[in-house]
$ cat target-v1.txt   # compact mmCIF, C-alpha atoms and all ligand atoms
# COMPACT_ATOMS: atom_id res chain seq x y z
CA MET A 8 85.29 105.62 92.36
CA THR A 9 87.38 108.70 93.02
CA LEU A 10 86.45 112.21 93.91
CA LYS A 11 87.39 114.94 91.47
CA GLY A 12 90.75 116.49 92.07
CA TYR A 13 92.83 113.32 91.90
CA ASP A 14 95.21 112.88 88.99
CA SER A 15 94.39 109.92 86.81
CA TRP A 16 97.80 108.31 87.38
CA VAL A 17 97.13 108.35 91.13
CA ILE A 18 93.81 106.63 90.53
CA ASP A 19 95.51 104.06 88.29
CA ASP A 20 98.11 103.38 90.96
CA HIS A 21 95.46 102.95 93.65
CA LEU A 22 93.46 100.56 91.49
CA THR A 23 96.56 98.57 90.48
CA GLU A 24 97.35 98.21 94.16
CA LEU A 25 93.79 97.14 94.89
CA SER A 26 94.05 94.49 92.15
CA LEU A 27 97.23 93.20 93.77
CA LEU A 28 95.48 93.12 97.14
CA ALA A 29 92.56 91.23 95.58
CA GLU A 30 94.93 88.68 94.02
CA THR A 31 96.80 88.28 97.28
CA ALA A 32 93.44 87.55 98.91
CA GLY A 33 92.83 84.83 96.32
CA ALA A 34 90.47 86.61 93.94
CA GLU A 35 90.90 86.87 90.19
CA VAL A 36 90.45 90.38 88.85
CA ILE A 37 88.28 90.43 85.71
CA GLU A 38 87.49 94.07 85.29
CA VAL A 39 88.59 97.39 86.80
CA ILE A 40 86.32 100.40 86.58
CA SER A 41 86.34 103.88 88.02
CA GLN A 42 84.05 106.84 88.25
CA ARG A 43 84.66 110.53 88.80
CA ARG A 44 82.18 112.39 90.96
CA SER A 45 82.16 115.63 92.86
CA ASN A 46 80.57 114.03 95.92
CA ILE A 47 79.96 110.65 97.51
CA ASP A 48 76.45 109.24 97.34
CA PRO A 49 75.50 108.56 100.97
CA ALA A 50 73.35 105.56 100.11
CA TYR A 51 75.31 103.89 97.31
CA TYR A 52 78.73 105.54 97.37
CA ILE A 53 78.75 105.52 93.54
CA GLY A 54 76.03 107.18 91.50
CA LYS A 55 72.69 105.51 90.96
CA GLY A 56 73.30 105.20 87.20
CA LYS A 57 76.74 103.64 87.76
CA CYS A 58 75.13 101.23 90.16
CA ALA A 59 72.69 100.04 87.49
CA ALA A 60 75.53 99.69 84.97
CA LEU A 61 77.51 97.67 87.50
CA LYS A 62 74.53 95.37 88.00
CA ASN A 63 74.53 94.53 84.29
CA LEU A 64 78.30 94.28 84.10
CA VAL A 65 78.65 91.66 86.85
CA VAL A 66 76.16 89.44 85.02
CA GLU A 67 77.87 89.99 81.70
CA ILE A 68 81.38 89.15 82.90
CA ASN A 69 80.20 86.61 85.44
CA ALA A 70 81.77 88.21 88.52
CA ASP A 71 81.04 86.95 92.05
CA LEU A 72 82.47 89.82 93.97
CA VAL A 73 82.72 93.61 93.70
CA ILE A 74 85.60 95.30 95.54
CA PHE A 75 85.68 99.03 96.29
CA ASP A 76 88.96 100.86 96.85
CA ASP A 77 87.55 103.15 99.52
CA ASP A 78 85.90 102.31 102.76
CA LEU A 79 82.15 101.98 102.57
CA THR A 80 79.69 102.56 105.37
CA PRO A 81 77.77 99.49 106.56
CA ALA A 82 74.63 100.94 104.99
CA GLN A 83 76.34 101.46 101.64
CA VAL A 84 77.49 97.84 101.59
CA ARG A 85 73.96 96.64 102.32
CA ASN A 86 72.39 98.90 99.68
CA LEU A 87 74.95 97.99 97.04
CA GLN A 88 74.60 94.26 97.70
CA ARG A 89 70.86 94.51 97.39
CA GLU A 90 71.11 96.52 94.19
CA ILE A 91 73.91 94.64 92.43
CA ASN A 92 73.01 91.24 93.78
CA ARG A 93 76.65 90.31 94.43
CA ARG A 94 78.84 90.34 97.48
CA VAL A 95 80.44 93.76 98.03
CA VAL A 96 83.70 94.23 99.91
CA ASP A 97 85.66 97.39 100.62
CA ARG A 98 89.39 97.97 100.93
CA THR A 99 89.43 97.33 104.67
CA GLY A 100 87.48 94.10 104.19
CA ILE A 101 89.99 92.78 101.69
CA ILE A 102 93.02 93.72 103.79
CA LEU A 103 91.46 92.06 106.84
CA ASP A 104 90.92 88.96 104.74
CA ILE A 105 94.58 88.85 103.70
CA PHE A 106 95.71 89.31 107.28
CA ALA A 107 93.42 86.48 108.37
CA ARG A 108 94.98 84.15 105.78
CA ARG A 109 98.50 85.20 106.66
CA ALA A 110 98.27 85.05 110.45
CA ARG A 111 100.40 82.21 111.78
CA SER A 112 101.25 82.89 115.42
CA ARG A 113 98.67 82.81 118.18
CA GLU A 114 99.18 86.51 118.74
CA ALA A 115 98.71 87.49 115.09
CA LYS A 116 95.59 85.32 114.89
CA ILE A 117 94.06 87.02 117.92
CA GLU A 118 95.02 90.46 116.61
CA VAL A 119 93.38 89.79 113.26
CA GLU A 120 90.21 88.31 114.77
CA LEU A 121 89.90 91.32 117.03
CA ALA A 122 90.18 93.68 114.08
CA GLN A 123 87.65 91.61 112.11
CA LEU A 124 85.09 91.62 114.91
CA ASN A 125 85.42 95.35 115.45
CA TYR A 126 84.88 95.80 111.74
CA LEU A 127 81.94 93.43 111.78
CA LEU A 128 80.10 94.88 114.76
CA PRO A 129 78.43 97.84 113.01
CA ARG A 130 77.82 95.63 109.96
CA LEU A 131 75.71 93.00 111.68
CA THR A 132 72.23 92.84 110.23
CA ARG A 133 69.11 90.96 111.15
CA HIS A 134 69.95 88.26 108.63
CA TRP A 135 73.10 87.38 110.40
CA GLU A 136 72.48 84.21 112.35
CA HIS A 137 75.76 82.39 112.29
CA LEU A 138 77.15 83.49 115.66
CA SER A 139 74.29 82.44 117.90
CA ARG A 140 74.22 79.07 116.18
CA GLN A 141 77.87 78.70 117.01
CA ALA A 142 77.14 79.43 120.64
CA GLY A 143 74.43 76.78 120.80
CA GLY A 144 71.48 78.76 119.46
CA ILE A 145 68.40 78.20 121.57
CA GLY A 146 68.87 79.01 125.21
CA THR A 147 71.76 81.41 124.74
CA ARG A 148 69.44 84.27 124.03
CA GLY A 149 68.80 86.66 126.89
CA PRO A 150 65.20 87.47 127.86
CA GLY A 151 63.53 89.80 125.40
CA GLU A 152 66.58 90.13 123.17
CA THR A 153 66.17 90.15 119.42
CA GLN A 154 68.48 88.02 117.31
CA LEU A 155 70.46 91.08 116.34
CA GLU A 156 71.00 92.16 119.94
CA THR A 157 72.13 88.65 120.84
CA ASP A 158 74.62 88.64 117.99
CA ARG A 159 76.01 92.01 119.00
CA ARG A 160 76.31 90.86 122.59
CA LEU A 161 78.16 87.70 121.52
CA VAL A 162 80.56 89.68 119.38
CA ARG A 163 81.26 92.11 122.21
CA GLU A 164 81.86 89.26 124.62
CA ARG A 165 84.27 87.64 122.19
CA ILE A 166 86.07 90.98 121.74
CA ALA A 167 86.49 91.25 125.51
CA VAL A 168 87.93 87.72 125.72
CA LEU A 169 90.38 88.38 122.87
CA ARG A 170 91.50 91.66 124.43
CA MET A 171 92.28 89.85 127.65
CA LYS A 172 94.27 87.16 125.87
CA LEU A 173 96.25 89.79 123.99
CA LYS A 174 97.00 91.64 127.18
CA ARG A 175 98.49 88.51 128.68
CA ILE A 176 100.71 87.95 125.64
CA GLU A 177 101.76 91.60 125.69
CA GLN A 178 102.80 91.39 129.32
CA GLY A 179 105.04 88.44 128.57
CA ARG A 180 106.50 90.35 125.69
CA SER A 181 107.26 93.53 127.58
CA ILE A 182 109.30 91.47 130.02
CA ARG A 183 111.31 90.10 127.10
CA ARG A 184 111.69 93.63 125.81
CA GLN A 185 113.03 94.81 129.17
CA ARG A 186 115.59 92.06 129.11
CA ARG A 187 117.04 92.98 125.80
CA LYS A 188 116.86 96.69 126.41
CA LYS A 189 120.61 97.00 126.71
CA LEU A 190 121.08 96.51 122.97
CA PRO A 191 120.07 99.22 120.52
CA VAL A 192 117.02 98.31 118.44
CA VAL A 193 116.75 99.10 114.75
CA ALA A 194 113.28 98.64 113.25
CA LEU A 195 112.79 97.96 109.55
CA VAL A 196 109.70 99.76 108.35
CA GLY A 197 108.31 100.29 104.90
CA TYR A 198 105.59 99.67 102.42
CA THR A 199 104.56 96.06 101.99
CA ASN A 200 106.77 94.24 99.44
CA ALA A 201 109.62 96.79 99.78
CA GLY A 202 112.09 94.06 100.75
CA LYS A 203 112.31 94.36 104.54
CA SER A 204 112.41 90.63 105.21
CA THR A 205 114.87 90.07 102.37
CA LEU A 206 117.17 92.67 103.94
CA LEU A 207 116.90 91.08 107.38
CA ASN A 208 117.76 87.72 105.84
CA SER A 209 120.76 89.16 104.00
CA LEU A 210 122.04 90.93 107.08
CA THR A 211 121.58 88.26 109.69
CA ASN A 212 120.98 84.99 107.86
CA ALA A 213 117.55 84.96 109.44
CA ASP A 214 115.02 82.65 107.89
CA VAL A 215 112.20 85.11 107.34
CA PHE A 216 109.39 84.36 104.92
CA VAL A 217 109.83 86.33 101.71
CA GLU A 218 107.29 86.48 98.94
CA ASP A 219 106.41 88.73 96.06
CA LYS A 220 102.99 89.28 97.55
CA LEU A 221 101.61 91.83 99.95
CA PHE A 222 101.86 91.33 103.71
CA ALA A 223 104.17 88.33 103.67
CA THR A 224 105.22 89.11 107.23
CA LEU A 225 102.73 89.58 110.05
CA ASP A 226 104.69 88.51 113.08
CA PRO A 227 107.55 90.59 114.33
CA VAL A 228 110.96 88.95 113.93
CA VAL A 229 114.00 90.06 115.91
CA ARG A 230 117.57 89.14 114.97
CA SER A 231 120.84 90.35 116.35
CA TYR A 232 123.62 91.67 114.20
CA GLN A 233 127.25 92.08 115.14
CA ASP A 234 129.83 94.00 113.15
CA ASP A 235 133.55 93.23 112.95
CA LYS A 236 134.25 95.68 115.79
CA GLY A 237 132.01 93.59 118.01
CA ARG A 238 129.21 96.14 118.18
CA LYS A 239 125.82 94.52 118.43
CA ALA A 240 122.36 95.74 117.53
CA LEU A 241 118.93 94.13 117.21
CA PHE A 242 117.06 94.37 113.93
CA THR A 243 113.29 93.92 113.93
CA ASP A 244 111.09 93.19 110.95
CA THR A 245 107.37 93.78 111.28
CA VAL A 246 104.21 93.96 109.27
CA GLY A 247 104.47 96.06 106.13
CA PHE A 248 102.53 99.27 105.81
CA ILE A 249 100.12 100.25 103.11
CA ARG A 250 98.22 103.36 102.17
CA LYS A 251 95.21 103.61 104.47
CA LEU A 252 96.10 100.66 106.69
CA PRO A 253 92.73 99.96 108.32
CA HIS A 254 92.57 101.58 111.73
CA HIS A 255 91.07 98.44 113.31
CA LEU A 256 94.24 96.64 112.28
CA VAL A 257 96.51 99.39 113.54
CA ALA A 258 94.66 99.21 116.86
CA SER A 259 94.94 95.42 117.17
CA PHE A 260 98.53 95.30 116.02
CA LYS A 261 99.45 97.96 118.55
CA SER A 262 101.73 95.71 120.56
CA THR A 263 103.47 94.46 117.41
CA LEU A 264 103.90 97.99 116.19
CA GLU A 265 105.29 99.09 119.54
CA GLU A 266 108.55 97.51 118.45
CA VAL A 267 108.64 100.29 115.91
CA VAL A 268 107.67 103.09 118.27
CA GLU A 269 110.29 102.09 120.82
CA ALA A 270 113.16 101.48 118.40
CA ASP A 271 116.30 103.60 118.62
CA LEU A 272 116.38 103.98 114.86
CA LEU A 273 113.93 103.31 112.06
CA LEU A 274 115.16 102.15 108.68
CA HIS A 275 112.62 103.18 106.11
CA ILE A 276 113.00 100.62 103.31
CA VAL A 277 111.71 101.96 100.00
CA ASP A 278 111.28 99.98 96.77
CA ILE A 279 112.86 102.46 94.39
CA ALA A 280 111.91 100.28 91.43
CA HIS A 281 108.24 100.97 92.13
CA PRO A 282 106.89 103.70 89.84
CA PHE A 283 105.05 105.36 92.72
CA TYR A 284 107.56 104.96 95.49
CA LEU A 285 107.08 108.59 96.55
CA ASN A 286 103.40 107.93 97.26
CA GLN A 287 104.36 104.78 99.15
CA MET A 288 106.83 106.78 101.24
CA GLU A 289 104.06 109.22 102.09
CA GLY A 290 101.78 106.31 103.04
CA VAL A 291 104.44 104.98 105.41
CA ARG A 292 104.91 108.42 106.96
CA GLN A 293 101.16 108.57 107.61
CA VAL A 294 101.09 105.18 109.34
CA LEU A 295 104.15 106.08 111.42
CA GLU A 296 102.34 109.17 112.57
CA ASP A 297 99.20 107.12 113.36
CA ILE A 298 101.12 104.77 115.62
CA GLY A 299 102.97 107.58 117.37
CA ALA A 300 106.36 106.98 115.75
CA GLY A 301 106.32 110.10 113.59
CA ALA A 302 109.18 111.74 115.48
CA ARG A 303 111.55 108.73 115.73
CA PRO A 304 114.98 109.09 114.13
CA ILE A 305 114.74 107.62 110.67
CA LEU A 306 117.17 106.66 107.90
CA THR A 307 115.83 106.25 104.38
CA VAL A 308 117.12 103.21 102.50
CA PHE A 309 116.30 102.79 98.81
CA ASN A 310 116.19 99.09 97.98
CA LYS A 311 116.10 97.13 94.71
CA VAL A 312 118.61 99.39 92.94
CA ASP A 313 119.47 96.34 90.82
CA LEU A 314 116.13 96.81 89.06
CA VAL A 315 116.68 100.48 88.25
CA SER A 316 118.57 101.11 85.04
CA SER A 317 117.87 104.83 84.77
CA ASP A 318 120.44 107.06 86.43
CA SER A 319 118.00 109.94 86.55
CA VAL A 320 115.70 107.96 88.86
CA LEU A 321 118.56 107.37 91.28
CA GLN A 322 119.76 110.97 90.99
CA ALA A 323 116.27 112.33 91.67
CA ALA A 324 116.04 110.22 94.82
CA LYS A 325 119.50 111.37 95.92
CA ASP A 326 118.61 115.02 95.42
CA ARG A 327 115.33 114.74 97.20
CA HIS A 328 116.62 112.62 100.09
CA PRO A 329 120.18 113.65 100.94
CA GLY A 330 121.67 111.19 103.37
CA ALA A 331 119.63 108.27 102.07
CA LEU A 332 121.38 104.99 101.30
CA PHE A 333 121.01 102.85 98.17
CA ILE A 334 121.08 99.07 98.37
CA SER A 335 120.01 95.82 96.82
CA ALA A 336 119.04 93.43 99.58
CA ILE A 337 119.04 90.47 97.18
CA ARG A 338 122.31 91.21 95.41
CA ARG A 339 123.91 92.41 98.65
CA ILE A 340 124.87 95.77 97.18
CA GLY A 341 125.56 98.60 99.65
CA LEU A 342 125.03 96.46 102.76
CA LYS A 343 128.45 97.18 104.28
CA ARG A 344 127.88 100.92 104.13
CA LEU A 345 124.38 100.42 105.50
CA THR A 346 125.46 98.50 108.59
CA GLU A 347 128.34 100.91 109.24
CA THR A 348 126.03 103.92 109.07
CA VAL A 349 123.40 102.26 111.24
CA LEU A 350 125.82 101.20 113.96
CA GLU A 351 127.49 104.60 113.95
CA LEU A 352 124.07 106.21 114.45
CA VAL A 353 122.85 103.94 117.22
CA PHE A 354 126.12 103.94 119.10
CA THR A 355 126.54 107.70 119.23
CA PRO A 356 125.32 108.47 122.72
CA THR A 357 122.41 110.84 122.81
CA ILE A 358 121.11 113.06 125.52
CA SER A 359 117.59 114.29 126.12
CA GLY A 360 115.70 116.22 128.74
CA GLU A 361 113.74 119.33 129.60
CA ILE A 362 114.76 122.86 130.41
CA THR A 363 112.48 125.57 131.81
CA LEU A 364 113.34 129.17 130.94
CA GLU A 365 111.95 132.70 130.91
CA PRO A 366 110.60 133.46 127.42
CA ALA A 367 113.43 135.87 126.63
CA ALA A 368 116.09 133.41 127.77
CA ALA A 369 114.47 130.61 125.77
CA ALA A 370 115.22 132.25 122.43
CA GLU A 371 118.83 132.79 123.47
CA TRP A 372 119.15 129.17 124.64
CA GLU A 373 117.80 127.90 121.33
CA SER A 374 120.23 129.95 119.28
CA ARG A 375 123.14 128.86 121.48
CA PHE A 376 122.20 125.18 121.22
CA LYS A 377 121.33 125.09 117.53
CA SER A 378 122.55 121.52 117.15
CA VAL A 379 120.18 120.32 119.89
CA ARG A 380 116.82 119.24 118.56
CA VAL A 381 113.78 120.88 120.14
CA GLU A 382 111.08 118.20 120.42
CA SER A 383 108.37 120.37 121.96
CA LYS A 384 107.75 123.68 123.66
CA LYS A 385 105.10 124.36 126.29
CA PHE A 386 104.07 127.41 128.27
CA VAL A 387 104.02 126.57 131.97
CA GLU A 388 103.22 129.34 134.47
CA GLY A 389 104.65 132.11 132.31
CA LYS A 390 107.80 130.17 131.49
CA ILE A 391 108.74 128.03 128.51
CA LYS A 392 109.44 124.36 128.97
CA ILE A 393 111.59 122.98 126.14
CA ARG A 394 111.88 119.25 125.55
CA PHE A 395 115.04 118.45 123.59
CA SER A 396 117.39 115.74 122.41
CA GLY A 397 120.85 115.86 120.94
CA ASP A 398 124.39 114.57 120.76
CA GLY A 399 125.70 113.19 124.06
CA LYS A 400 128.80 115.38 123.72
CA MET A 401 126.63 118.42 124.49
CA LYS A 402 126.05 117.31 128.07
CA ASP A 403 128.74 119.42 129.76
CA LEU A 404 127.79 122.51 127.84
CA LEU A 405 124.10 122.05 128.64
CA LEU A 406 124.89 121.69 132.33
CA ARG A 407 127.06 124.78 132.30
CA PHE A 408 124.19 126.88 130.96
CA ALA A 409 121.66 125.53 133.42
CA GLU A 410 120.59 127.51 136.48
CA GLY A 411 119.44 126.00 139.72
CA ASP A 412 117.16 123.06 138.94
CA ASN A 413 115.78 124.32 135.63
CA LEU A 414 117.43 121.48 133.67
CA VAL A 415 116.27 117.88 134.02
CA LEU A 416 118.12 115.29 131.95
CA ASP A 417 116.55 111.91 131.13
CA GLU A 418 118.48 108.93 132.29
N1 LIG B 1 115.26 92.61 92.45
C1 LIG B 1 115.18 92.71 93.76
N2 LIG B 1 114.14 92.15 94.39
C2 LIG B 1 114.07 92.26 95.74
C3 LIG B 1 115.06 92.95 96.48
N3 LIG B 1 114.73 92.89 97.79
C4 LIG B 1 113.55 92.20 97.85
N4 LIG B 1 113.16 91.80 96.62
C5 LIG B 1 111.95 91.03 96.28
O1 LIG B 1 110.80 91.77 96.65
C6 LIG B 1 109.75 90.90 97.11
C7 LIG B 1 109.27 91.29 98.48
O2 LIG B 1 110.30 91.07 99.42
P1 LIG B 1 110.02 90.89 100.98
O3 LIG B 1 111.35 90.84 101.64
O4 LIG B 1 109.05 89.79 101.24
O5 LIG B 1 109.29 92.28 101.27
P2 LIG B 1 108.71 92.80 102.68
O6 LIG B 1 109.01 94.27 102.72
O7 LIG B 1 109.21 91.99 103.80
O8 LIG B 1 107.16 92.59 102.44
P3 LIG B 1 105.96 92.36 103.54
O9 LIG B 1 106.40 91.32 104.50
O10 LIG B 1 104.85 91.97 102.67
O11 LIG B 1 105.73 93.69 104.18
C8 LIG B 1 110.35 89.48 97.05
O12 LIG B 1 109.95 88.89 95.85
C9 LIG B 1 111.85 89.73 97.06
O13 LIG B 1 112.55 88.71 96.44
C10 LIG B 1 116.19 93.51 95.77
O14 LIG B 1 117.11 94.12 96.31
N5 LIG B 1 116.17 93.37 94.41
MG MG B 2 108.22 90.78 105.09
$ encode --input "target-v1.txt" --output "structure tokens" --more "lines below"
Ligand SMILES: Nc1nc2c(ncn2[C@@H]2O[C@H](COP(=O)(O)OP(=O)(O)OP(=O)(O)O)[C@@H](O)[C@H]2O)c(=O)[nH]1
Ligand SMILES: [Mg+2]
Amino acid sequence: MTLKGYDSWVIDDHLTELSLLAETAGAEVIEVISQRRSNIDPAYYIGKGKCAALKNLVVEINADLVIFDDDLTPAQVRNLQREINRRVVDRTGIILDIFARRARSREAKIEVELAQLNYLLPRLTRHWEHLSRQAGGIGTRGPGETQLETDRRLVRERIAVLRMKLKRIEQGRSIRRQRRKKLPVVALVGYTNAGKSTLLNSLTNADVFVEDKLFATLDPVVRSYQDDKGRKALFTDTVGFIRKLPHHLVASFKSTLEEVVEADLLLHIVDIAHPFYLNQMEGVRQVLEDIGAGARPILTVFNKVDLVSSDSVLQAAKDRHPGALFISAIRRIGLKRLTETVLELVFTPTISGEITLEPAAAAEWESRFKSVRVESKKFVEGKIKIRFSGDGKMKDLLLRFAEGDNLVLDE
């Protein structure tokens, strides 16, 4: 169901993506339906009439499962299941399911379970007995607790245990990160299925799992790359993004996604052969913002040019994204230019810091240092504190225009 105001091609794209997600999760899609409404029904999400029609339809086409593209409240799921008499899953539920199937490493498994339990907690109902049975059933119940309270307590306890385990893994990882800090880090980001792992394989002969399905990669992979001048950089490949990546997953995959936040450069890999790549780019931008990487330096890389026969598609992308690169990770087209550009970018020394100025002087400073990027401005005790970053060559000039201790450079 979609609220009024969405174009029908956007709805089609969302539902096609949902079908792909459903297939990736192992379901077979029999029928796709949509409804336009001006508001969401708090109890059933869709309208009451649609709900009755759906009830008949699932019997007619013999469906076991109904998947909704938007997130449903726990109450809506319960009401719909009661009404339609079939299991009802929302977008988050299906994505969590895929992640659970895909998780291989201990860390990814813990991250997914944590996200699942957080998702489950508000959805526990009285009929849910499974957990206490797992814990031994009789005797585990606290005095005066109902079954539901016991279940909730068990889930919370499990969440606490998982958090602790994750913390331990994260600590080990941050030590590793410290050790390799000397090399610049380039993070591959992009919509799921854009070709990130294929690119990493082509660049570094890494053996990363590639599949024409969503979320092939869950665990971060790091490989080093060296060019013919001997310059070395680390490339990391992480979990692919998707429109509305469930926030429970973003929260649990925080440590994995930190690779992205802390990278010196992000390569945004875009599947230019996808009819809605612009929407996918917007989805990636949203997730980057969610994880706090919205302001990282980023280079757009259009992949799969081998699949695009129309020049106007390429030209439109060029016009809209000047500076973007065009490659085919599989056919190894444009990779030389890509690595040259990337290494040039990460090896140009940068400088960053903070300068505190009188308001009048601040405007003058900004116009003098136009090439320096202002990251933020704050009023502190009547003065303006400017946080900036820029080309390392500006250092001398910046120092010359500093007075007393009003300039603090980051090391
Ligand atoms: N034709 C063509 N196909 C490509 C290209 N690059 C990747 N593919 C295909 O696109 C599909 C997805 O590639 P992956 O490398 O797994 O994509 P990913 O971005 O790592 O996906 P996730 O791990 O799911 O986020 C695979 O079937 C690849 O073979 C390319 O340049 N041209
Ligand atoms: Mg991948």
$ closest_residue --input "target-v1.txt" --among "A:Ile37, A:Leu252, A:Leu225, A:Ile53" --to "ligand MG 2 (chain B)" --atoms "all atoms listed in the file"
A:Leu225
$ residues_near_ligand --input "target-v1.txt" --ligand "ligand MG 2 (chain B)" --cutoff "10 Å" --atoms "only C-alpha atoms and all ligand atoms" --output "ChimeraX atom specification"
/A:195-207,215-228,244-247
$ write_last_selection --input "target-v1.txt" --atoms "C-alpha atoms" --output "PDB file, in the frame of the given file"
ATOM      1  CA  LEU A 195     112.790  97.960 109.550  1.00  0.00           C
ATOM      2  CA  VAL A 196     109.700  99.760 108.350  1.00  0.00           C
ATOM      3  CA  GLY A 197     108.310 100.290 104.900  1.00  0.00           C
ATOM      4  CA  TYR A 198     105.590  99.670 102.420  1.00  0.00           C
ATOM      5  CA  THR A 199     104.560  96.060 101.990  1.00  0.00           C
ATOM      6  CA  ASN A 200     106.770  94.240  99.440  1.00  0.00           C
ATOM      7  CA  ALA A 201     109.620  96.790  99.780  1.00  0.00           C
ATOM      8  CA  GLY A 202     112.090  94.060 100.750  1.00  0.00           C
ATOM      9  CA  LYS A 203     112.310  94.360 104.540  1.00  0.00           C
ATOM     10  CA  SER A 204     112.410  90.630 105.210  1.00  0.00           C
ATOM     11  CA  THR A 205     114.870  90.070 102.370  1.00  0.00           C
ATOM     12  CA  LEU A 206     117.170  92.670 103.940  1.00  0.00           C
ATOM     13  CA  LEU A 207     116.900  91.080 107.380  1.00  0.00           C
ATOM     14  CA  VAL A 215     112.200  85.110 107.340  1.00  0.00           C
ATOM     15  CA  PHE A 216     109.390  84.360 104.920  1.00  0.00           C
ATOM     16  CA  VAL A 217     109.830  86.330 101.710  1.00  0.00           C
ATOM     17  CA  GLU A 218     107.290  86.480  98.940  1.00  0.00           C
ATOM     18  CA  ASP A 219     106.410  88.730  96.060  1.00  0.00           C
ATOM     19  CA  LYS A 220     102.990  89.280  97.550  1.00  0.00           C
ATOM     20  CA  LEU A 221     101.610  91.830  99.950  1.00  0.00           C
ATOM     21  CA  PHE A 222     101.860  91.330 103.710  1.00  0.00           C
ATOM     22  CA  ALA A 223     104.170  88.330 103.670  1.00  0.00           C
ATOM     23  CA  THR A 224     105.220  89.110 107.230  1.00  0.00           C
ATOM     24  CA  LEU A 225     102.730  89.580 110.050  1.00  0.00           C
ATOM     25  CA  ASP A 226     104.690  88.510 113.080  1.00  0.00           C
ATOM     26  CA  PRO A 227     107.550  90.590 114.330  1.00  0.00           C
ATOM     27  CA  VAL A 228     110.960  88.950 113.930  1.00  0.00           C
ATOM     28  CA  ASP A 244     111.090  93.190 110.950  1.00  0.00           C
ATOM     29  CA  THR A 245     107.370  93.780 111.280  1.00  0.00           C
ATOM     30  CA  VAL A 246     104.210  93.960 109.270  1.00  0.00           C
ATOM     31  CA  GLY A 247     104.470  96.060 106.130  1.00  0.00           C
TER      32      GLY A 247
END
$ atom_distance --input "target-v1.txt" --atom1 "atom CA of Trp16 of chain A" --atom2 "atom CA of Tyr52 of chain A"
21.7 Å
$ residues_around --input "target-v1.txt" --residues "Tyr126 of chain A" --least-positions-apart "5" --cutoff "10 Å" --atoms "only C-alpha atoms" --output "list of chain:residue names"
A:Pro81, A:Thr99, A:Gly100, A:Leu103, A:Glu120, A:Leu121, A:Leu131, A:Pro253, A:His254, A:His255, A:Leu256
$ residues_around --input "target-v1.txt" --residues "Val65 of chain A" --least-positions-apart "2" --cutoff "12 Å" --atoms "all atoms listed in the file" --output "ChimeraX atom specification"
/A:37-40,58-63,67-74,88,90-95
